[in-house]
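S.K.: Take a look at the following structure, please.
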Amino acid sequence: MESVDVIVIGAGFAGATAARDSALAGNSVLVLEGRDRPGGRTWYRQFDGRDQKLEFGGTWIAPTRQPFVRAEIERYGLDLFQSPNYSQFGWGIGGAVSHERFPFPPEEWAALERVIAKIDTDSDRVQLFDVPLGQPELADLDIPFTDYVHALNLPARVSDFILAWPTFYFGAYPDKLSTLHVLSWNKGFGSAVGWYLLLVDKFLGGTGVLVEKILSEAPLDIRYGVDVRSIDDDGQRVVVTDADGTQFSARNVIVTAPINTWERISFTPGLPSSHQAMSVEKQAGESVKVWALVPKQDDFFFGAGMHTTFKWLASEYTTADGTYLVGFASAEADLDGNDIEAVTRAVQEYLPGVPVLAVDFHDWNNDQFSNGTWMAYKPGQVIAHSAALQVPHGRVYFGNSDLASGWAGWIDGAIESGARVAAQSNAALAESSVVAAG
């Protein structure tokens, strides 16, 4: 049986960061990844049958507001580029799609200003990064986002507009979404206006550029195609067993697999109550991200809506092949990303008469190593579980974007969580080495 100091399960951003930081502390590190590639819930690859490479998982970053991803960009000297400036718009609110740059008449401005002020004021109560999101004094905010919005008695169109933003940002309908989690992102952006203005930056060359940089900085043994099925901690060492029965041993194990996949792994001793509860309840993210190739468009388009199939639809690239649109539906029941006719209907809700030439997507909801998309806490889960999820379980440590104290669900959150859990593990290993030497 192979034996190392640390086994890291998962080679996404959290796993890569945890592995690098563990190795730089002088530990031998083995990374076990179920997929045949690094990156986790990010994936930069070619559109099927075309030369254009696109992000099929996590994409955007906001380095002016996300300190952990900014530090990695500076560490490796990476270049960024931005999404296009949009000149054509579509707003699916109030039962129709309007195409004004700003979708509200003057008589609705007061209500819009009132709800934005309320959101920004409540967001200021949230403390990011230093402590888990489940701060006891915020329990009144860990409620369905629909309840939060409806309590404000807004005009229907304003209500639709406000509900639409977290629906496409989180990939979950607002009745399944914790207001506290929504407000944590608003706090991160600095204001409700920031949701629209700040999310434009992307990695030149794709998200894989940063993952590869992180994984290559320190000496790591990385194994792909290893499907971990059990983790057994006897108090002295931890044995990890894959689906083929191969076993690996380590002093500590760091699990960076997403929450929604924890039920695939048998833990001995059994998981603590919060970990067990989340493995059963799951988090709510179930977005369907689809790339659609349409004939070349002269103007870059941005659309968002509450009752449209795509909660977000935007032009990202125009090439000789045409224009590539990226769309986000909020549940797999709403749209089959492989069905070009269904995707065409969804696109034409915003862009009537525009044909779809080809589609491509990755089904994260039925991917055994994700079983959903990025983190979207359900009502009640933040207060009940977020702090406990960061606590080690014997020699087993948990860290991924789902567990971040800041940007839970983002690349920044993955890096934050990976660094934290490596620091926890490194401190425990150093202490045990001192005790053994004494």
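Residue names in the structure tokens use chain letters A, B, ... in the order shown, residue numbers from 1 in each chain, and ligand numbers from 1 in the order shown.
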Could you go through region 57-291 of chain A and tell me which residues DSSP, when run on the backbone, assigns to strand (DSSP E), listing them as a PyMOL selection string?
M.R.: chain A and resi 80-82+88-93+96-98+201-203+221-224+228-233+238-242+247-255+266-268+288-291
S.K.: Restricted to C-alpha atoms, what would the selected residues look like written as a tab-separated table (two decimals), in the first residue's frame?
M.R.:
chain	number	residue	atom	x	y	z
A	80	LEU	CA	-7.00	38.45	-18.19
A	81	PHE	CA	-9.48	39.57	-20.80
A	82	GLN	CA	-13.00	40.86	-20.55
A	88	GLN	CA	-28.44	45.11	-27.27
A	89	PHE	CA	-30.53	44.04	-24.26
A	90	GLY	CA	-33.44	41.83	-23.29
A	91	TRP	CA	-35.26	41.78	-19.93
A	92	GLY	CA	-37.67	38.94	-19.23
A	93	ILE	CA	-39.78	40.52	-16.53
A	96	ALA	CA	-42.76	39.85	-21.54
A	97	VAL	CA	-39.27	40.57	-22.88
A	98	SER	CA	-38.42	44.24	-23.31
A	201	ASP	CA	-12.92	39.29	-16.24
A	202	LYS	CA	-11.79	35.89	-17.54
A	203	PHE	CA	-8.45	34.07	-17.74
A	221	ASP	CA	2.09	12.89	-7.40
A	222	ILE	CA	-1.16	13.30	-9.34
A	223	ARG	CA	-3.29	10.32	-10.38
A	224	TYR	CA	-6.27	10.76	-12.70
A	228	VAL	CA	-12.45	7.23	-4.36
A	229	ARG	CA	-15.16	5.20	-2.63
A	230	SER	CA	-14.11	4.89	1.01
A	231	ILE	CA	-12.04	6.76	3.61
A	232	ASP	CA	-11.15	4.94	6.84
A	233	ASP	CA	-9.46	6.79	9.71
A	238	VAL	CA	-6.14	7.15	6.98
A	239	VAL	CA	-6.73	4.53	4.28
A	240	VAL	CA	-8.34	5.61	1.02
A	241	THR	CA	-9.84	2.94	-1.25
A	242	ASP	CA	-10.87	3.47	-4.86
A	247	GLN	CA	-5.69	1.38	-1.33
A	248	PHE	CA	-3.57	4.37	-0.38
A	249	SER	CA	-2.47	5.45	3.08
A	250	ALA	CA	-1.76	8.90	4.52
A	251	ARG	CA	-1.28	10.71	7.79
A	252	ASN	CA	-4.01	13.17	6.76
A	253	VAL	CA	-6.60	13.24	3.98
A	254	ILE	CA	-8.05	16.42	2.48
A	255	VAL	CA	-11.41	15.96	0.74
A	266	SER	CA	-18.13	5.67	2.72
A	267	PHE	CA	-16.52	7.34	5.75
A	268	THR	CA	-15.31	5.45	8.84
A	288	VAL	CA	-27.73	24.23	-17.08
A	289	LYS	CA	-25.02	26.17	-18.93
A	290	VAL	CA	-25.38	25.97	-22.71
A	291	TRP	CA	-23.28	27.37	-25.53
S.K.: Please, which residues in region 1-23 of chain A fall within 10 Å of region 420-426 of chain A when counting only C-alpha atoms, and what is the closest atom pair and distance in Å to one decimal for each, ordered by chain then residue number, as CSV?
M.R.:
residue,atom,partner,partner_atom,distance
A:Asp5,CA,A:Asn426,CA,9.8
A:Val6,CA,A:Ser425,CA,8.4
A:Val8,CA,A:Ala422,CA,9.6
A:Ala14,CA,A:Val421,CA,9.1
A:Gly15,CA,A:Ala422,CA,9.4
A:Thr17,CA,A:Ala422,CA,8.0
A:Ala18,CA,A:Ala422,CA,4.9
A:Ala19,CA,A:Ala422,CA,7.4
A:Arg20,CA,A:Ala422,CA,8.7
A:Asp21,CA,A:Ala422,CA,6.1
A:Ser22,CA,A:Ala422,CA,5.6
A:Ala23,CA,A:Asn426,CA,9.4
S.K.: Could you work out how far CA of His150 (chain A) lies from CA of Leu112 (chain A), giving the answer in Å with one decimal?
M.R.: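 Atom-to-atom, CA of Leu112 (chain A) to CA of His150 (chain A), that is 13.3 Å.
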S.K.: Which neighbours of region 369-386 of chain A fall inside 6 Å, counting only C-alpha atoms, when residues of the same chain fewer than 6 positions from it are skipped, and could you give them as an mmCIF file with N, CA and C atoms, in the first residue's frame?
M.R.:
data_model
loop_
_atom_site.group_PDB
_atom_site.id
_atom_site.type_symbol
_atom_site.label_atom_id
_atom_site.label_comp_id
_atom_site.auth_asym_id
_atom_site.auth_seq_id
_atom_site.Cartn_x
_atom_site.Cartn_y
_atom_site.Cartn_z
ATOM 1 N N GLY A 134 -22.165 31.338 8.435
ATOM 2 C CA GLY A 134 -23.244 31.088 9.381
ATOM 3 C C GLY A 134 -23.067 31.839 10.687
ATOM 4 N N ASP A 142 -31.380 33.857 6.943
ATOM 5 C CA ASP A 142 -31.236 32.513 6.351
ATOM 6 C C ASP A 142 -32.619 31.957 6.012
ATOM 7 N N ILE A 143 -33.327 32.693 5.174
ATOM 8 C CA ILE A 143 -34.703 32.381 4.787
ATOM 9 C C ILE A 143 -34.785 32.330 3.268
ATOM 10 N N PRO A 144 -35.855 31.777 2.695
ATOM 11 C CA PRO A 144 -35.976 31.770 1.236
ATOM 12 C C PRO A 144 -35.914 33.192 0.678
ATOM 13 N N PHE A 170 -26.991 31.921 -9.112
ATOM 14 C CA PHE A 170 -26.830 30.742 -8.259
ATOM 15 C C PHE A 170 -27.278 29.454 -8.940
ATOM 16 N N LYS A 176 -35.687 28.175 -3.212
ATOM 17 C CA LYS A 176 -34.765 27.154 -2.711
ATOM 18 C C LYS A 176 -33.442 27.748 -2.267
ATOM 19 N N LEU A 177 -33.355 29.063 -2.178
ATOM 20 C CA LEU A 177 -32.081 29.747 -2.020
ATOM 21 C C LEU A 177 -32.082 30.611 -0.763
ATOM 22 N N SER A 178 -31.020 30.476 0.042
ATOM 23 C CA SER A 178 -30.901 31.257 1.261
ATOM 24 C C SER A 178 -30.600 32.716 0.948
ATOM 25 N N ASN A 260 -22.245 17.682 -2.869
ATOM 26 C CA ASN A 260 -23.268 16.816 -3.454
ATOM 27 C C ASN A 260 -22.746 15.449 -3.857
ATOM 28 N N SER A 274 -23.349 17.708 10.693
ATOM 29 C CA SER A 274 -23.545 18.697 9.633
ATOM 30 C C SER A 274 -23.085 18.167 8.284
ATOM 31 N N GLN A 283 -26.801 20.724 -1.712
ATOM 32 C CA GLN A 283 -26.968 22.149 -1.964
ATOM 33 C C GLN A 283 -27.810 22.298 -3.230
ATOM 34 N N ALA A 284 -28.321 23.501 -3.497
ATOM 35 C CA ALA A 284 -29.401 23.659 -4.476
ATOM 36 C C ALA A 284 -28.955 23.951 -5.905
ATOM 37 N N GLY A 285 -27.672 24.205 -6.144
ATOM 38 C CA GLY A 285 -27.234 24.609 -7.473
ATOM 39 C C GLY A 285 -27.466 23.531 -8.524
ATOM 40 N N GLU A 286 -28.226 23.855 -9.568
ATOM 41 C CA GLU A 286 -28.505 22.892 -10.635
ATOM 42 C C GLU A 286 -28.602 23.598 -11.987
ATOM 43 N N ASP A 402 -17.578 25.098 -1.983
ATOM 44 C CA ASP A 402 -18.831 25.060 -1.236
ATOM 45 C C ASP A 402 -18.662 25.568 0.193
ATOM 46 N N GLY A 409 -18.885 29.185 -3.724
ATOM 47 C CA GLY A 409 -19.409 28.899 -5.053
ATOM 48 C C GLY A 409 -18.536 29.424 -6.174
#
S.K.: Quick check, in Å to one decimal: how far apart do CA of Thr167 (chain A) and CA of Ala277 (chain A) lie?
M.R.: 24.0 Å
S.K.: What gap, in Å, lies between CA of Gly77 (chain A) and CA of Ala414 (chain A)?
M.R.: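 Atom-to-atom, CA of Gly77 (chain A) to CA of Ala414 (chain A), that is 19.4 Å.
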S.K.: Please list as a list in words every residue within 12 Å of Ala342 (chain A), counting only C-alpha atoms and excluding residues in the same chain fewer than 6 positions away.
M.R.: Val290, Ala292, Thr309, Phe310, Ala329, Ala333, Asp334, Leu335, Asp336, Gln348, Glu349, Pro355, Val356, Ala358 and Val359 of chain A
S.K.: For the residues selected in the previous step, produce a file with N, CA and C atoms as a compact mmCIF listing (two decimals), in the first residue's frame.
M.R.:
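Saved to selection-v7.txt:
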# COMPACT_ATOMS: atom_id res chain seq x y z
N VAL A 290 -25.36 26.41 -21.32
CA VAL A 290 -25.38 25.97 -22.71
C VAL A 290 -24.68 27.00 -23.58
N ALA A 292 -24.47 28.22 -27.44
CA ALA A 292 -25.24 28.14 -28.69
C ALA A 292 -24.54 28.97 -29.76
N THR A 309 -36.77 30.95 -20.23
CA THR A 309 -36.07 29.69 -20.00
C THR A 309 -34.63 29.95 -19.60
N PHE A 310 -33.93 30.76 -20.41
CA PHE A 310 -32.60 31.19 -20.01
C PHE A 310 -32.74 32.37 -19.05
N ALA A 329 -29.87 28.20 -17.82
CA ALA A 329 -31.18 27.86 -17.28
C ALA A 329 -30.97 27.41 -15.83
N ALA A 333 -34.64 20.37 -15.35
CA ALA A 333 -36.00 20.09 -15.82
C ALA A 333 -36.48 21.15 -16.80
N ASP A 334 -35.85 22.33 -16.79
CA ASP A 334 -36.28 23.42 -17.65
C ASP A 334 -35.77 23.31 -19.08
N LEU A 335 -34.62 22.64 -19.26
CA LEU A 335 -33.99 22.65 -20.58
C LEU A 335 -33.04 21.48 -20.73
N ASP A 336 -33.14 20.78 -21.85
CA ASP A 336 -32.17 19.76 -22.24
C ASP A 336 -31.13 20.44 -23.12
N GLN A 348 -34.74 32.27 -28.80
CA GLN A 348 -35.66 33.15 -29.52
C GLN A 348 -36.64 33.86 -28.60
N GLU A 349 -36.73 33.45 -27.34
CA GLU A 349 -37.48 34.26 -26.38
C GLU A 349 -36.87 35.66 -26.28
N PRO A 355 -31.69 31.89 -35.71
CA PRO A 355 -31.56 30.43 -35.68
C PRO A 355 -30.34 29.99 -34.89
N VAL A 356 -30.41 28.81 -34.30
CA VAL A 356 -29.27 28.21 -33.61
C VAL A 356 -28.65 27.17 -34.52
N ALA A 358 -25.72 25.31 -33.80
CA ALA A 358 -25.14 24.18 -33.07
C ALA A 358 -25.17 24.50 -31.59
N VAL A 359 -25.18 23.46 -30.75
CA VAL A 359 -25.16 23.63 -29.30
C VAL A 359 -24.14 22.68 -28.69
S.K.: I'd like to know which of A:Pro132, A:Gly418, A:Gly57, A:Pro352 is closest to Ala388 (chain A), using only C-alpha atoms.
M.R.: A:Pro132
S.K.: Just checking: using only C-alpha atoms, which residue out of A:Val226, A:Ala218, A:Leu199, A:Leu357 ends up closest to Trp60 (chain A)?
M.R.: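 Nearest to Trp60 (chain A): A:Leu199.
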S.K.: Select from region 96-158 of chain A everything DSSP, run on the backbone, classes as alpha helix (DSSP H), then give the selection as a ChimeraX atom specification.
M.R.: /A:109-123,145-150,156-158
S.K.: Pick out the residues sitting within 10 Å of Gly322 (chain A), and hand them over as a ChimeraX atom specification; count only C-alpha atoms, and ignore anything fewer than 2 positions along from it in its own chain.
M.R.: /A:292-297,317-320,324-325,357
S.K.: Would you pick out the contacts of Asp124 (chain A) at 12 Å or less, using only C-alpha atoms, so that residues sharing its chain but fewer than 2 positions from it are not included, and give the list as a list in words?
M.R.: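 Near Asp124 (chain A), the qualifying residues are Ala117, Lys118, Ile119, Asp120, Thr121, Asp122, Val126, Gln127, Leu128, Leu138, Leu180, Leu183, Ser184, Trp185, Asn186, Lys187, Gly188, Phe189, Gly190, Ser191 and Ala192 of chain A.
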S.K.: Would you output that residue set with C-alpha atoms, as a PDB file, in the first residue's frame?
M.R.:
ATOM      1  CA  ALA A 117     -31.082  50.066  -0.539  1.00  0.00           C
ATOM      2  CA  LYS A 118     -32.581  47.292   1.622  1.00  0.00           C
ATOM      3  CA  ILE A 119     -30.363  44.628   0.023  1.00  0.00           C
ATOM      4  CA  ASP A 120     -27.230  46.739   0.398  1.00  0.00           C
ATOM      5  CA  THR A 121     -28.024  47.606   4.038  1.00  0.00           C
ATOM      6  CA  ASP A 122     -28.632  43.980   5.002  1.00  0.00           C
ATOM      7  CA  VAL A 126     -22.379  40.035   6.638  1.00  0.00           C
ATOM      8  CA  GLN A 127     -18.747  39.470   7.562  1.00  0.00           C
ATOM      9  CA  LEU A 128     -16.728  37.840   4.785  1.00  0.00           C
ATOM     10  CA  LEU A 138     -27.660  36.714  10.787  1.00  0.00           C
ATOM     11  CA  LEU A 180     -28.028  35.044   3.551  1.00  0.00           C
ATOM     12  CA  LEU A 183     -26.432  38.788   0.454  1.00  0.00           C
ATOM     13  CA  SER A 184     -22.917  37.432   1.021  1.00  0.00           C
ATOM     14  CA  TRP A 185     -22.259  37.728  -2.715  1.00  0.00           C
ATOM     15  CA  ASN A 186     -23.785  41.190  -2.734  1.00  0.00           C
ATOM     16  CA  LYS A 187     -21.405  42.141   0.077  1.00  0.00           C
ATOM     17  CA  GLY A 188     -18.559  40.739  -1.975  1.00  0.00           C
ATOM     18  CA  PHE A 189     -19.473  42.845  -5.005  1.00  0.00           C
ATOM     19  CA  GLY A 190     -19.752  45.950  -2.829  1.00  0.00           C
ATOM     20  CA  SER A 191     -23.308  46.797  -3.880  1.00  0.00           C
ATOM     21  CA  ALA A 192     -26.217  45.506  -5.928  1.00  0.00           C
TER      22      ALA A 192
END
